[in-house]
file entry24.tsv (TSV, C-alpha atoms)
chain	number	residue	atom	x	y	z
A	23	MET	CA	76.52	146.71	97.77
A	24	GLU	CA	74.79	147.92	94.62
A	25	LYS	CA	71.18	147.14	93.87
A	26	ARG	CA	70.70	144.52	91.15
A	27	THR	CA	67.47	144.31	89.19
A	28	LEU	CA	65.86	141.48	87.24
A	29	LEU	CA	62.80	141.77	85.02
A	30	VAL	CA	59.93	139.30	84.98
A	31	ASP	CA	58.99	139.74	81.33
A	32	LEU	CA	55.21	139.48	81.08
A	33	ASN	CA	54.85	142.10	78.35
A	34	GLU	CA	52.60	144.93	79.59
A	35	ARG	CA	52.57	143.39	83.09
A	36	ALA	CA	56.35	143.04	83.34
A	37	TYR	CA	57.79	143.97	86.73
A	38	PRO	CA	61.19	144.34	88.39
A	39	ILE	CA	62.82	142.34	91.18
A	40	HIS	CA	65.17	144.63	93.10
A	41	ILE	CA	67.84	142.81	95.14
A	42	GLY	CA	70.41	144.41	97.44
A	43	ALA	CA	71.31	145.62	100.91
A	44	GLY	CA	69.48	148.54	102.52
A	45	LEU	CA	66.56	148.52	100.09
A	46	LEU	CA	63.88	148.96	102.77
A	47	SER	CA	65.07	152.54	103.20
A	48	GLN	CA	64.59	153.04	99.45
A	49	THR	CA	61.00	151.73	99.44
A	50	PRO	CA	59.29	155.16	99.08
A	51	ALA	CA	61.49	156.04	96.09
A	52	LEU	CA	60.94	152.61	94.51
A	53	LEU	CA	57.16	152.97	94.91
A	54	GLN	CA	57.31	156.36	93.23
A	55	GLU	CA	59.39	154.86	90.39
A	56	ALA	CA	56.54	152.37	89.93
A	57	ASN	CA	54.11	155.32	89.66
A	58	ILE	CA	52.42	154.61	93.00
A	59	LYS	CA	51.24	158.07	93.98
A	60	VAL	CA	50.98	159.45	97.51
A	61	SER	CA	47.24	159.82	96.94
A	62	GLN	CA	46.93	156.02	96.85
A	63	LYS	CA	46.34	154.38	100.25
A	64	LEU	CA	48.87	151.74	101.26
A	65	PHE	CA	47.86	148.66	103.26
A	66	LEU	CA	50.89	147.03	104.85
A	67	ILE	CA	50.40	143.38	105.89
A	68	THR	CA	53.02	141.65	108.02
A	69	ASP	CA	53.27	139.04	110.78
A	70	ALA	CA	54.02	139.31	114.48
A	71	HIS	CA	57.67	138.30	114.11
A	72	VAL	CA	58.54	140.61	111.22
A	73	ALA	CA	56.60	143.51	112.74
A	74	GLN	CA	58.97	143.62	115.72
A	75	HIS	CA	61.86	144.47	113.43
A	76	TYR	CA	60.58	146.32	110.38
A	77	LEU	CA	56.97	147.49	110.57
A	78	LYS	CA	57.37	150.82	112.40
A	79	PRO	CA	60.53	151.95	110.57
A	80	LEU	CA	59.02	151.18	107.16
A	81	GLN	CA	55.65	152.73	107.98
A	82	LEU	CA	57.38	155.89	109.24
A	83	LEU	CA	59.48	156.15	106.06
A	84	LEU	CA	56.39	155.85	103.90
A	85	GLU	CA	54.43	158.39	105.93
A	86	GLN	CA	57.33	160.84	105.81
A	87	ALA	CA	57.23	160.49	102.02
A	88	GLY	CA	53.58	161.55	102.09
A	89	TYR	CA	51.80	158.20	101.88
A	90	GLN	CA	48.77	157.31	103.99
A	91	VAL	CA	49.61	153.92	105.46
A	92	PHE	CA	47.38	151.39	107.19
A	93	SER	CA	48.88	148.23	108.64
A	94	HIS	CA	47.68	144.88	109.90
A	95	ILE	CA	49.66	142.26	111.81
A	96	VAL	CA	48.76	138.58	111.48
A	97	VAL	CA	49.90	135.58	113.47
A	98	ALA	CA	53.29	134.25	112.38
A	99	GLY	CA	53.58	130.92	110.62
A	100	GLU	CA	51.59	128.77	108.23
A	101	LYS	CA	48.48	129.10	110.40
A	102	ALA	CA	48.10	132.62	108.97
A	103	LYS	CA	47.05	131.05	105.67
A	104	GLN	CA	43.57	130.06	106.79
A	105	PHE	CA	40.07	131.39	106.14
A	106	ALA	CA	39.70	133.04	109.55
A	107	VAL	CA	42.87	135.12	109.13
A	108	TYR	CA	42.00	135.96	105.51
A	109	GLU	CA	38.61	137.27	106.67
A	110	GLU	CA	40.29	139.22	109.48
A	111	VAL	CA	42.62	140.96	107.01
A	112	MET	CA	39.81	141.66	104.55
A	113	THR	CA	37.78	143.23	107.37
A	114	ALA	CA	40.73	145.46	108.24
A	115	ALA	CA	41.07	146.49	104.58
A	116	ILE	CA	37.39	147.39	104.35
A	117	GLU	CA	37.48	149.33	107.61
A	118	ALA	CA	40.54	151.23	106.37
A	119	GLY	CA	38.50	152.38	103.40
A	120	LEU	CA	40.76	150.90	100.73
A	121	ASP	CA	39.57	151.46	97.18
A	122	ARG	CA	40.56	150.09	93.78
A	123	LYS	CA	43.55	152.44	93.57
A	124	SER	CA	44.96	151.28	96.93
A	125	VAL	CA	48.09	149.12	97.07
A	126	VAL	CA	48.83	146.19	99.38
A	127	LEU	CA	52.41	145.82	100.65
A	128	ALA	CA	53.38	142.29	101.69
A	129	LEU	CA	56.16	142.62	104.26
A	130	GLY	CA	57.35	139.21	105.39
A	131	GLY	CA	58.12	135.67	104.35
A	132	GLY	CA	56.32	133.36	101.99
A	133	VAL	CA	53.25	132.99	104.19
A	134	VAL	CA	52.69	136.75	104.39
A	135	GLY	CA	53.29	137.10	100.66
A	136	ASP	CA	50.80	134.36	99.83
A	137	LEU	CA	48.13	135.72	102.18
A	138	ALA	CA	48.60	139.41	101.30
A	139	GLY	CA	48.73	138.59	97.59
A	140	PHE	CA	45.46	136.67	97.84
A	141	VAL	CA	43.89	139.56	99.72
A	142	ALA	CA	45.03	141.90	96.92
A	143	ALA	CA	43.77	139.49	94.24
A	144	THR	CA	40.28	139.33	95.74
A	145	TYR	CA	39.69	142.74	97.36
A	146	MET	CA	37.21	144.57	95.11
A	147	ARG	CA	38.02	141.94	92.44
A	148	GLY	CA	41.71	142.77	92.52
A	149	ILE	CA	44.02	145.62	93.50
A	150	ASP	CA	47.76	146.11	93.09
A	151	PHE	CA	50.35	144.80	95.53
A	152	VAL	CA	54.09	144.86	96.14
A	153	GLN	CA	56.14	142.00	97.53
A	154	ILE	CA	58.73	142.94	100.19
A	155	PRO	CA	60.15	139.54	101.19
A	156	THR	CA	62.11	139.15	104.42
A	157	SER	CA	62.96	135.45	104.23
A	158	LEU	CA	65.02	133.23	101.95
A	159	LEU	CA	62.07	131.01	101.11
A	160	ALA	CA	60.24	134.05	99.82
A	161	HIS	CA	62.85	134.62	97.09
A	162	ASP	CA	60.84	131.92	95.33
A	163	SER	CA	57.27	132.60	96.42
A	164	SER	CA	57.45	136.38	95.95
A	165	VAL	CA	58.12	135.98	92.23
A	166	GLY	CA	55.51	134.72	89.79
A	167	GLY	CA	52.15	135.79	91.14
A	168	LYS	CA	50.97	132.54	92.73
A	169	VAL	CA	49.00	133.62	95.83
A	170	ALA	CA	46.87	131.43	98.05
A	171	ILE	CA	45.62	130.28	101.42
A	172	ASN	CA	45.35	126.72	102.67
A	173	HIS	CA	42.43	124.40	103.27
A	174	ARG	CA	42.62	121.87	106.08
A	175	LEU	CA	42.69	119.16	103.40
A	176	GLY	CA	45.58	120.61	101.43
A	177	LYS	CA	48.07	123.41	100.88
A	178	ASN	CA	47.43	126.39	98.57
A	179	LEU	CA	44.15	124.97	97.27
A	180	ILE	CA	42.37	128.34	97.42
A	181	GLY	CA	44.22	130.96	95.40
A	182	ALA	CA	44.83	132.92	92.24
A	183	PHE	CA	47.48	134.11	89.81
A	184	HIS	CA	48.02	137.78	90.64
A	185	GLN	CA	51.33	139.39	89.71
A	186	PRO	CA	52.90	142.04	91.96
A	187	LEU	CA	53.89	145.48	90.71
A	188	MET	CA	57.42	144.73	91.87
A	189	VAL	CA	59.53	142.80	94.36
A	190	ILE	CA	61.82	144.66	96.79
A	191	TYR	CA	64.33	142.22	98.32
A	192	ASP	CA	66.48	143.76	101.04
A	193	VAL	CA	69.01	141.06	101.96
A	194	ASP	CA	69.73	142.82	105.27
A	195	THR	CA	66.36	141.58	106.55
A	196	LEU	CA	67.67	138.02	106.51
A	197	GLN	CA	69.91	138.80	109.47
A	198	THR	CA	66.97	138.45	111.88
A	199	LEU	CA	66.02	134.94	110.68
A	200	PRO	CA	66.53	131.97	113.01
A	201	ARG	CA	69.01	129.40	111.69
A	202	ARG	CA	66.28	126.87	110.92
A	203	GLU	CA	64.57	129.36	108.60
A	204	ILE	CA	67.85	130.17	106.88
A	205	SER	CA	68.43	126.48	106.26
A	206	ALA	CA	64.87	125.97	105.00
A	207	GLY	CA	65.15	128.90	102.63
A	208	PHE	CA	68.08	127.38	100.80
A	209	ALA	CA	65.93	124.38	99.82
A	210	GLU	CA	64.19	126.53	97.21
A	211	VAL	CA	67.47	128.13	96.10
A	212	ILE	CA	68.95	124.67	95.55
A	213	LYS	CA	65.79	123.66	93.69
A	214	HIS	CA	66.39	126.37	91.11
A	215	GLY	CA	69.82	124.90	90.41
A	216	LEU	CA	68.47	121.36	90.18
A	217	ILE	CA	66.01	122.25	87.44
A	218	SER	CA	68.37	124.17	85.18
A	219	ASP	CA	71.99	124.73	86.25
A	220	GLU	CA	74.34	122.09	87.68
A	221	GLY	CA	77.05	124.75	87.93
A	222	PHE	CA	74.83	126.72	90.31
A	223	VAL	CA	74.30	123.57	92.40
A	224	GLY	CA	78.07	123.13	92.64
A	225	TRP	CA	78.53	126.79	93.55
A	226	LEU	CA	75.94	126.49	96.33
A	227	GLU	CA	77.61	123.39	97.75
A	228	GLU	CA	81.05	125.03	97.58
A	229	HIS	CA	79.84	128.13	99.42
A	230	ALA	CA	77.41	126.45	101.84
A	231	LYS	CA	79.27	127.62	104.95
A	232	GLY	CA	79.42	131.27	103.89
A	233	LEU	CA	75.81	131.21	102.70
A	234	MET	CA	74.57	129.79	106.01
A	235	GLU	CA	76.53	132.57	107.75
A	236	LEU	CA	74.64	135.05	105.52
A	237	ASP	CA	77.65	136.54	103.84
A	238	ALA	CA	75.92	139.45	102.09
A	239	LYS	CA	77.76	139.16	98.78
A	240	LEU	CA	77.22	135.40	98.52
A	241	VAL	CA	73.57	135.57	99.57
A	242	SER	CA	72.81	138.34	97.07
A	243	GLU	CA	74.39	136.26	94.31
A	244	ALA	CA	72.41	133.16	95.34
A	245	ILE	CA	69.13	135.06	95.43
A	246	TYR	CA	69.83	136.78	92.12
A	247	ARG	CA	70.61	133.49	90.36
A	248	GLY	CA	67.64	131.73	91.93
A	249	CYS	CA	65.25	134.55	91.02
A	250	ALA	CA	66.65	134.63	87.48
A	251	VAL	CA	65.67	130.97	87.00
A	252	LYS	CA	62.19	131.60	88.40
A	253	ALA	CA	61.66	134.76	86.33
A	254	ALA	CA	62.65	133.02	83.11
A	255	VAL	CA	60.24	130.14	83.72
A	256	VAL	CA	57.34	132.41	84.72
A	257	ALA	CA	57.85	134.53	81.59
A	258	LYS	CA	57.32	131.40	79.48
A	259	ASP	CA	54.38	129.95	81.42
A	260	GLU	CA	52.67	132.38	83.78
A	261	THR	CA	49.70	130.21	84.79
A	262	GLU	CA	51.47	126.86	85.15
A	263	GLN	CA	50.09	125.07	82.11
A	264	ASP	CA	53.30	123.17	81.41
A	265	ILE	CA	56.94	124.27	81.96
A	266	ARG	CA	56.20	126.17	85.19
A	267	MET	CA	55.31	122.86	86.80
A	268	THR	CA	59.02	122.04	86.76
A	269	LEU	CA	59.42	124.53	89.62
A	270	ASN	CA	57.45	122.05	91.73
A	271	VAL	CA	60.07	119.32	91.81
A	272	GLY	CA	59.76	117.65	95.22
A	273	HIS	CA	56.56	119.52	96.02
A	274	THR	CA	54.07	116.69	95.45
A	275	PHE	CA	55.74	114.70	98.22
A	276	GLY	CA	56.58	117.81	100.25
A	277	HIS	CA	53.11	119.36	100.31
A	278	ALA	CA	51.68	116.02	101.44
A	279	PHE	CA	54.18	115.91	104.31
A	280	GLU	CA	53.28	119.47	105.33
A	281	ALA	CA	49.55	118.75	105.33
A	282	LEU	CA	49.88	115.51	107.28
A	283	THR	CA	52.10	117.07	109.93
A	284	GLY	CA	49.73	119.99	110.45
A	285	TYR	CA	51.84	122.69	108.78
A	286	GLY	CA	54.16	122.95	111.74
A	287	GLN	CA	56.34	119.96	112.47
A	288	LEU	CA	58.03	120.33	109.08
A	289	ASN	CA	58.34	123.78	107.57
A	290	HIS	CA	58.01	124.25	103.82
A	291	GLY	CA	61.70	124.14	103.00
A	292	GLU	CA	62.29	121.02	105.09
A	293	ALA	CA	59.35	119.20	103.50
A	294	ILE	CA	60.50	120.16	99.99
A	295	SER	CA	64.05	119.07	100.78
A	296	ILE	CA	62.84	115.56	101.62
A	297	GLY	CA	60.54	115.66	98.59
A	298	MET	CA	63.40	116.49	96.21
A	299	VAL	CA	65.47	113.58	97.49
A	300	LEU	CA	62.49	111.24	97.12
A	301	ALA	CA	61.82	112.52	93.59
A	302	ALA	CA	65.44	111.79	92.68
A	303	ARG	CA	65.37	108.35	94.28
A	304	TYR	CA	62.10	107.47	92.54
A	305	ALA	CA	63.49	108.68	89.20
A	306	GLU	CA	66.50	106.42	89.67
A	307	SER	CA	64.29	103.48	90.67
A	308	ILE	CA	62.37	103.64	87.38
A	309	GLY	CA	65.46	104.23	85.25
A	310	MET	CA	64.60	107.83	84.41
A	311	SER	CA	67.65	109.30	86.10
A	312	PRO	CA	71.22	107.94	86.22
A	313	GLU	CA	72.55	106.54	89.47
A	314	GLY	CA	74.17	109.18	91.67
A	315	VAL	CA	71.68	112.03	91.17
A	316	ALA	CA	69.81	111.21	94.38
A	317	LYS	CA	73.03	110.82	96.37
A	318	ARG	CA	74.38	114.18	95.23
A	319	THR	CA	71.02	115.90	95.72
A	320	LYS	CA	70.96	114.57	99.29
A	321	ARG	CA	74.55	115.72	99.87
A	322	VAL	CA	73.90	119.30	98.72
A	323	LEU	CA	70.76	119.62	100.85
A	324	ALA	CA	72.50	118.12	103.87
A	325	ALA	CA	75.26	120.73	103.51
A	326	PHE	CA	72.62	123.30	104.44
A	327	GLY	CA	71.38	121.30	107.41
A	328	LEU	CA	68.20	120.17	105.68
A	329	PRO	CA	66.43	116.86	106.37
A	330	THR	CA	66.57	114.23	103.64
A	331	GLN	CA	64.91	111.13	105.13
A	332	TRP	CA	61.30	109.95	105.00
A	333	PRO	CA	59.39	111.25	108.07
A	334	LYS	CA	59.13	108.01	110.04
A	335	GLU	CA	55.74	108.82	111.60
A	336	LEU	CA	54.00	109.19	108.20
A	337	HIS	CA	52.51	106.09	106.60
A	338	PRO	CA	52.75	105.70	102.80
A	339	GLU	CA	49.00	105.17	102.33
A	340	ASP	CA	48.23	108.47	104.08
A	341	VAL	CA	50.86	110.29	102.03
A	342	LEU	CA	49.43	108.88	98.79
A	343	ARG	CA	45.95	110.15	99.69
A	344	ALA	CA	47.35	113.60	100.46
A	345	MET	CA	49.29	113.62	97.17
A	346	HIS	CA	46.01	113.36	95.26
A	347	LEU	CA	45.23	116.94	96.31
A	348	ASP	CA	48.26	118.15	94.37
A	349	LYS	CA	47.29	120.76	91.78
A	350	LYS	CA	49.39	119.17	89.00
A	351	GLY	CA	47.21	116.06	88.94
A	352	VAL	CA	44.67	115.58	86.15
A	353	ALA	CA	41.48	113.49	86.27
A	354	GLY	CA	42.40	111.90	89.58
A	355	THR	CA	45.87	110.79	88.45
A	356	LEU	CA	49.26	111.69	89.90
A	357	THR	CA	51.72	113.94	88.11
A	358	LEU	CA	55.30	114.07	89.37
A	359	VAL	CA	58.21	116.32	88.45
A	360	LEU	CA	61.29	114.09	88.31
A	361	PRO	CA	64.98	114.77	87.61
A	362	THR	CA	66.77	113.26	84.64
A	363	SER	CA	70.12	114.77	85.67
A	364	MET	CA	71.54	117.31	88.14
A	365	GLU	CA	70.20	120.18	86.04
A	366	HIS	CA	67.07	118.98	84.30
A	367	VAL	CA	63.64	117.77	85.36
A	368	GLU	CA	60.65	116.49	83.43
A	369	ILE	CA	56.92	116.47	84.09
A	370	VAL	CA	55.63	112.90	84.28
A	371	PRO	CA	51.82	112.65	84.07
A	372	ARG	CA	49.64	109.68	85.01
A	373	VAL	CA	52.19	108.04	87.27
A	374	LYS	CA	51.13	104.53	88.36
A	375	GLU	CA	49.90	104.72	91.94
A	376	GLU	CA	50.95	101.18	92.74
A	377	ASP	CA	54.52	101.96	91.73
A	378	VAL	CA	54.63	105.12	93.86
A	379	LEU	CA	53.09	103.33	96.85
A	380	ARG	CA	55.59	100.47	96.55
A	381	PHE	CA	58.47	102.95	96.41
A	382	MET	CA	57.16	104.95	99.38
A	383	SER	CA	56.62	101.77	101.40
A	384	GLU	CA	60.27	100.89	100.89
A	385	GLU	CA	61.31	104.37	102.00
A	386	TRP	CA	59.07	104.16	105.07
A	387	GLU	CA	60.46	100.73	106.01
A	388	GLU	CA	63.98	102.11	105.72
A	389	SER	CA	63.05	104.98	108.05
A	390	GLN	CA	61.92	102.52	110.73
A	391	LYS	CA	65.35	100.88	111.07
call {"tool": "encode", "arguments": {"input": "entry24.tsv", "output": "structure tokens"}}
result
Amino acid sequence: MEKRTLLVDLNERAYPIHIGAGLLSQTPALLQEANIKVSQKLFLITDAHVAQHYLKPLQLLLEQAGYQVFSHIVVAGEKAKQFAVYEEVMTAAIEAGLDRKSVVLALGGGVVGDLAGFVAATYMRGIDFVQIPTSLLAHDSSVGGKVAINHRLGKNLIGAFHQPLMVIYDVDTLQTLPRREISAGFAEVIKHGLISDEGFVGWLEEHAKGLMELDAKLVSEAIYRGCAVKAAVVAKDETEQDIRMTLNVGHTFGHAFEALTGYGQLNHGEAISIGMVLAARYAESIGMSPEGVAKRTKRVLAAFGLPTQWPKELHPEDVLRAMHLDKKGVAGTLTLVLPTSMEHVEIVPRVKEEDVLRFMSEEWEESQK
């Protein structure tokens, strides 16, 4: 399978997204194409799960190409995005003697990319980094330069905008993912269709079986089309002042669910899946979206084994409080991203809290039956 490349067009900071099979073995050559010299120290950050499969082979390849490589393994999962782990990684970077010419390599899923990117953004006031995603969810998070760690009160509240030098997406790495992570990853792929391309949504639903079986050709196409949507949006609004917020459809609900369940019971994709269905149902309830959008959204997500119902243990009042930590809100008000069709969403500022609470209470009551 040939490598396909997209460009995130940010003028002088434009960078490529390379997608294809077997790209890990091409990493040294791709770094050299990006003018990363062997004199520059590399700091490879990964997690305990990914390290078992890819750390030693990649580090050996880089060292054979002449690079000096330091590596650090963090705990797997969302708990890696906390202050203590961030400090641990920063300490390792300092002890490795990294300087302002050094480059961080983020080898892993979205959590590793967020953490490693934030380390790169803040080490010596910012050094370069490369995203090497190994999960489906990371096809979204690895593109666009949003990097962050969590606070116990909310997700991604401590972060920066720091664009990578490039993204190297080897689809072969997806073969080691557990089925739940594969399913969760498609939530963000589906999201990209829901905000801009109903035809893509239909294609995903039609090929759900083959995609869940990780058919290489289908998965590469899905990732390419999803990344193309993300790249186009980021090029128009890098720092999320307006249109980039549309990429957060379902996230105001979803991030609240993640925070309230301790970043573990529901993974990111599962929480966002439920959030997208709720966004569609709320849009229908206020007449913003035609009837049927929520039903079809639910059907597509269910085809990938994703949850679509309100988490019955979460009370609406608690969810509303957690939603106020959402970064789209202004002056203490709620902002939601809501669908108007199967391929368009709109940003709705200053949503009435009482209306949202009433809607969520109805959803919660339905979940108790």
call {"tool": "atom_distance", "arguments": {"input": "entry24.tsv", "atom1": "atom CA of Arg303 of chain A", "atom2": "atom CA of Leu360 of chain A"}}
result
9.2 Å
call {"tool": "closest_residue", "arguments": {"input": "entry24.tsv", "among": "A:Asp31, A:Glu227, A:Asp150, A:Glu24", "to": "Asp259 of chain A", "atoms": "all atoms listed in the file"}}
result
A:Asp31
call {"tool": "residues_around", "arguments": {"input": "entry24.tsv", "residues": "segment 170-174 of chain A", "least_positions_apart": "3", "cutoff": "8 Å", "atoms": "only C-alpha atoms", "output": "ChimeraX atom specification"}}
result
/A:103-105,108,136-137,139-140,177-182,281
call {"tool": "closest_residue", "arguments": {"input": "entry24.tsv", "among": "A:Lys63, A:Lys78, A:Arg247, A:His273", "to": "Leu120 of chain A", "atoms": "only C-alpha atoms"}}
result
A:Lys63
call {"tool": "residues_near_point", "arguments": {"input": "entry24.tsv", "point": "(40.4, 141.3, 91.0)", "cutoff": "12 Å", "atoms": "all atoms listed in the file", "output": "list in words"}}
result
Asp121, Arg122, Lys123, Gly139, Phe140, Val141, Ala142, Ala143, Thr144, Tyr145, Met146, Arg147, Gly148, Ile149, Asp150, Phe151, Gly181, Ala182, Phe183, His184 and Gln185 of chain A
call {"tool": "residues_around", "arguments": {"input": "entry24.tsv", "residues": "Val211 of chain A", "least_positions_apart": "4", "cutoff": "10 Å", "atoms": "all atoms listed in the file", "output": "mmCIF file with C-alpha atoms, in the frame of the given file"}}
result
data_model
loop_
_atom_site.group_PDB
_atom_site.id
_atom_site.type_symbol
_atom_site.label_atom_id
_atom_site.label_comp_id
_atom_site.auth_asym_id
_atom_site.auth_seq_id
_atom_site.Cartn_x
_atom_site.Cartn_y
_atom_site.Cartn_z
ATOM 1 C CA LEU A 158 65.020 133.230 101.950
ATOM 2 C CA LEU A 159 62.070 131.010 101.110
ATOM 3 C CA HIS A 161 62.850 134.620 97.090
ATOM 4 C CA ASP A 162 60.840 131.920 95.330
ATOM 5 C CA ALA A 206 64.870 125.970 105.000
ATOM 6 C CA GLY A 207 65.150 128.900 102.630
ATOM 7 C CA GLY A 215 69.820 124.900 90.410
ATOM 8 C CA LEU A 216 68.470 121.360 90.180
ATOM 9 C CA PHE A 222 74.830 126.720 90.310
ATOM 10 C CA VAL A 223 74.300 123.570 92.400
ATOM 11 C CA LEU A 226 75.940 126.490 96.330
ATOM 12 C CA ALA A 244 72.410 133.160 95.340
ATOM 13 C CA ILE A 245 69.130 135.060 95.430
ATOM 14 C CA TYR A 246 69.830 136.780 92.120
ATOM 15 C CA ARG A 247 70.610 133.490 90.360
ATOM 16 C CA GLY A 248 67.640 131.730 91.930
ATOM 17 C CA CYS A 249 65.250 134.550 91.020
ATOM 18 C CA VAL A 251 65.670 130.970 87.000
ATOM 19 C CA LYS A 252 62.190 131.600 88.400
ATOM 20 C CA GLY A 291 61.700 124.140 103.000
#
call {"tool": "closest_atom_pairs", "arguments": {"input": "entry24.tsv", "of": "segment 83-106 of chain A", "to": "segment 283-290 of chain A", "cutoff": "10 Å", "atoms": "only C-alpha atoms", "output": "Markdown table"}}
result
| residue | atom | partner | partner_atom | distance |
| --- | --- | --- | --- | --- |
| A:Gly99 | CA | A:Gly286 | CA | 8.1 |
| A:Glu100 | CA | A:Tyr285 | CA | 6.1 |
| A:Lys101 | CA | A:Tyr285 | CA | 7.4 |
call {"tool": "residues_around", "arguments": {"input": "entry24.tsv", "residues": "Thr198 of chain A", "least_positions_apart": "3", "cutoff": "10 Å", "atoms": "all atoms listed in the file", "output": "ChimeraX atom specification"}}
result
/A:71-72,75,156-157,194-195,201,203-204
call {"tool": "atom_distance", "arguments": {"input": "entry24.tsv", "atom1": "atom CA of Met364 of chain A", "atom2": "atom CA of Gln263 of chain A"}}
result
23.6 Å
call {"tool": "atom_distance", "arguments": {"input": "entry24.tsv", "atom1": "atom CA of Val271 of chain A", "atom2": "atom CA of Met298 of chain A"}}
result
6.2 Å
call {"tool": "closest_residue", "arguments": {"input": "entry24.tsv", "among": "A:Ser163, A:Ala51, A:Ala302, A:His94", "to": "Arg318 of chain A", "atoms": "all atoms listed in the file"}}
result
A:Ala302
call {"tool": "closest_residue", "arguments": {"input": "entry24.tsv", "among": "A:Glu55, A:Glu368, A:Glu110, A:Glu243", "to": "Ala301 of chain A", "atoms": "only C-alpha atoms"}}
result
A:Glu368
call {"tool": "closest_residue", "arguments": {"input": "entry24.tsv", "among": "A:Gly354, A:Gly88, A:Gly297, A:Pro186", "to": "Ala36 of chain A", "atoms": "only C-alpha atoms"}}
result
A:Pro186
call {"tool": "closest_residue", "arguments": {"input": "entry24.tsv", "among": "A:Ser61, A:Val373, A:Lys320, A:Val169", "to": "Glu85 of chain A", "atoms": "all atoms listed in the file"}}
result
A:Ser61
call {"tool": "residues_around", "arguments": {"input": "entry24.tsv", "residues": "Leu358 of chain A", "least_positions_apart": "5", "cutoff": "12 Å", "atoms": "all atoms listed in the file", "output": "VMD selection string"}}
result
chain A and resid 267 to 276 297 to 298 300 to 302 304 to 305 345 to 346 348 to 352 367 to 375 378
call {"tool": "residues_around", "arguments": {"input": "entry24.tsv", "residues": "Lys391 of chain A", "least_positions_apart": "5", "cutoff": "12 Å", "atoms": "all atoms listed in the file", "output": "PyMOL selection string"}}
result
chain A and resi 331-332+334+384-386
call {"tool": "residues_near_point", "arguments": {"input": "entry24.tsv", "point": "(74.2, 137.8, 106.4)", "cutoff": "12 Å", "atoms": "all atoms listed in the file", "output": "PyMOL selection string"}}
result
chain A and resi 42-43+157-158+192-201+204+231-242
call {"tool": "decode", "arguments": {"input": "entry24.tsv", "residues": "segment 39-51 of chain A", "atoms": "N, CA and C atoms", "output": "mmCIF file, in the first residue's frame"}}
result
data_model
loop_
_atom_site.group_PDB
_atom_site.id
_atom_site.type_symbol
_atom_site.label_atom_id
_atom_site.label_comp_id
_atom_site.auth_asym_id
_atom_site.auth_seq_id
_atom_site.Cartn_x
_atom_site.Cartn_y
_atom_site.Cartn_z
ATOM 1 N N ILE A 39 0.954 15.066 6.901
ATOM 2 C CA ILE A 39 0.427 13.878 7.583
ATOM 3 C C ILE A 39 0.663 12.713 6.633
ATOM 4 N N HIS A 40 1.562 11.819 7.002
ATOM 5 C CA HIS A 40 1.862 10.655 6.177
ATOM 6 C C HIS A 40 1.022 9.466 6.670
ATOM 7 N N ILE A 41 0.296 8.826 5.769
ATOM 8 C CA ILE A 41 -0.591 7.716 6.131
ATOM 9 C C ILE A 41 -0.272 6.527 5.243
ATOM 10 N N GLY A 42 -0.089 5.350 5.846
ATOM 11 C CA GLY A 42 0.167 4.151 5.053
ATOM 12 C C GLY A 42 0.648 3.005 5.915
ATOM 13 N N ALA A 43 0.845 1.864 5.294
ATOM 14 C CA ALA A 43 1.338 0.682 6.001
ATOM 15 C C ALA A 43 2.869 0.672 6.002
ATOM 16 N N GLY A 44 3.452 0.205 7.104
ATOM 17 C CA GLY A 44 4.900 0.053 7.182
ATOM 18 C C GLY A 44 5.680 1.339 7.350
ATOM 19 N N LEU A 45 5.018 2.406 7.777
ATOM 20 C CA LEU A 45 5.713 3.699 7.856
ATOM 21 C C LEU A 45 6.677 3.801 9.033
ATOM 22 N N LEU A 46 6.485 2.995 10.079
ATOM 23 C CA LEU A 46 7.440 3.057 11.195
ATOM 24 C C LEU A 46 8.856 2.783 10.710
ATOM 25 N N SER A 47 8.986 1.853 9.779
ATOM 26 C CA SER A 47 10.319 1.515 9.260
ATOM 27 C C SER A 47 10.915 2.658 8.437
ATOM 28 N N GLN A 48 10.071 3.582 7.996
ATOM 29 C CA GLN A 48 10.538 4.725 7.214
ATOM 30 C C GLN A 48 10.779 5.970 8.072
ATOM 31 N N THR A 49 10.590 5.849 9.393
ATOM 32 C CA THR A 49 10.691 7.016 10.270
ATOM 33 C C THR A 49 12.032 7.755 10.134
ATOM 34 N N PRO A 50 13.191 7.068 10.157
ATOM 35 C CA PRO A 50 14.447 7.820 10.010
ATOM 36 C C PRO A 50 14.496 8.660 8.731
ATOM 37 N N ALA A 51 14.056 8.069 7.620
ATOM 38 C CA ALA A 51 14.069 8.805 6.348
ATOM 39 C C ALA A 51 13.103 9.981 6.383
#
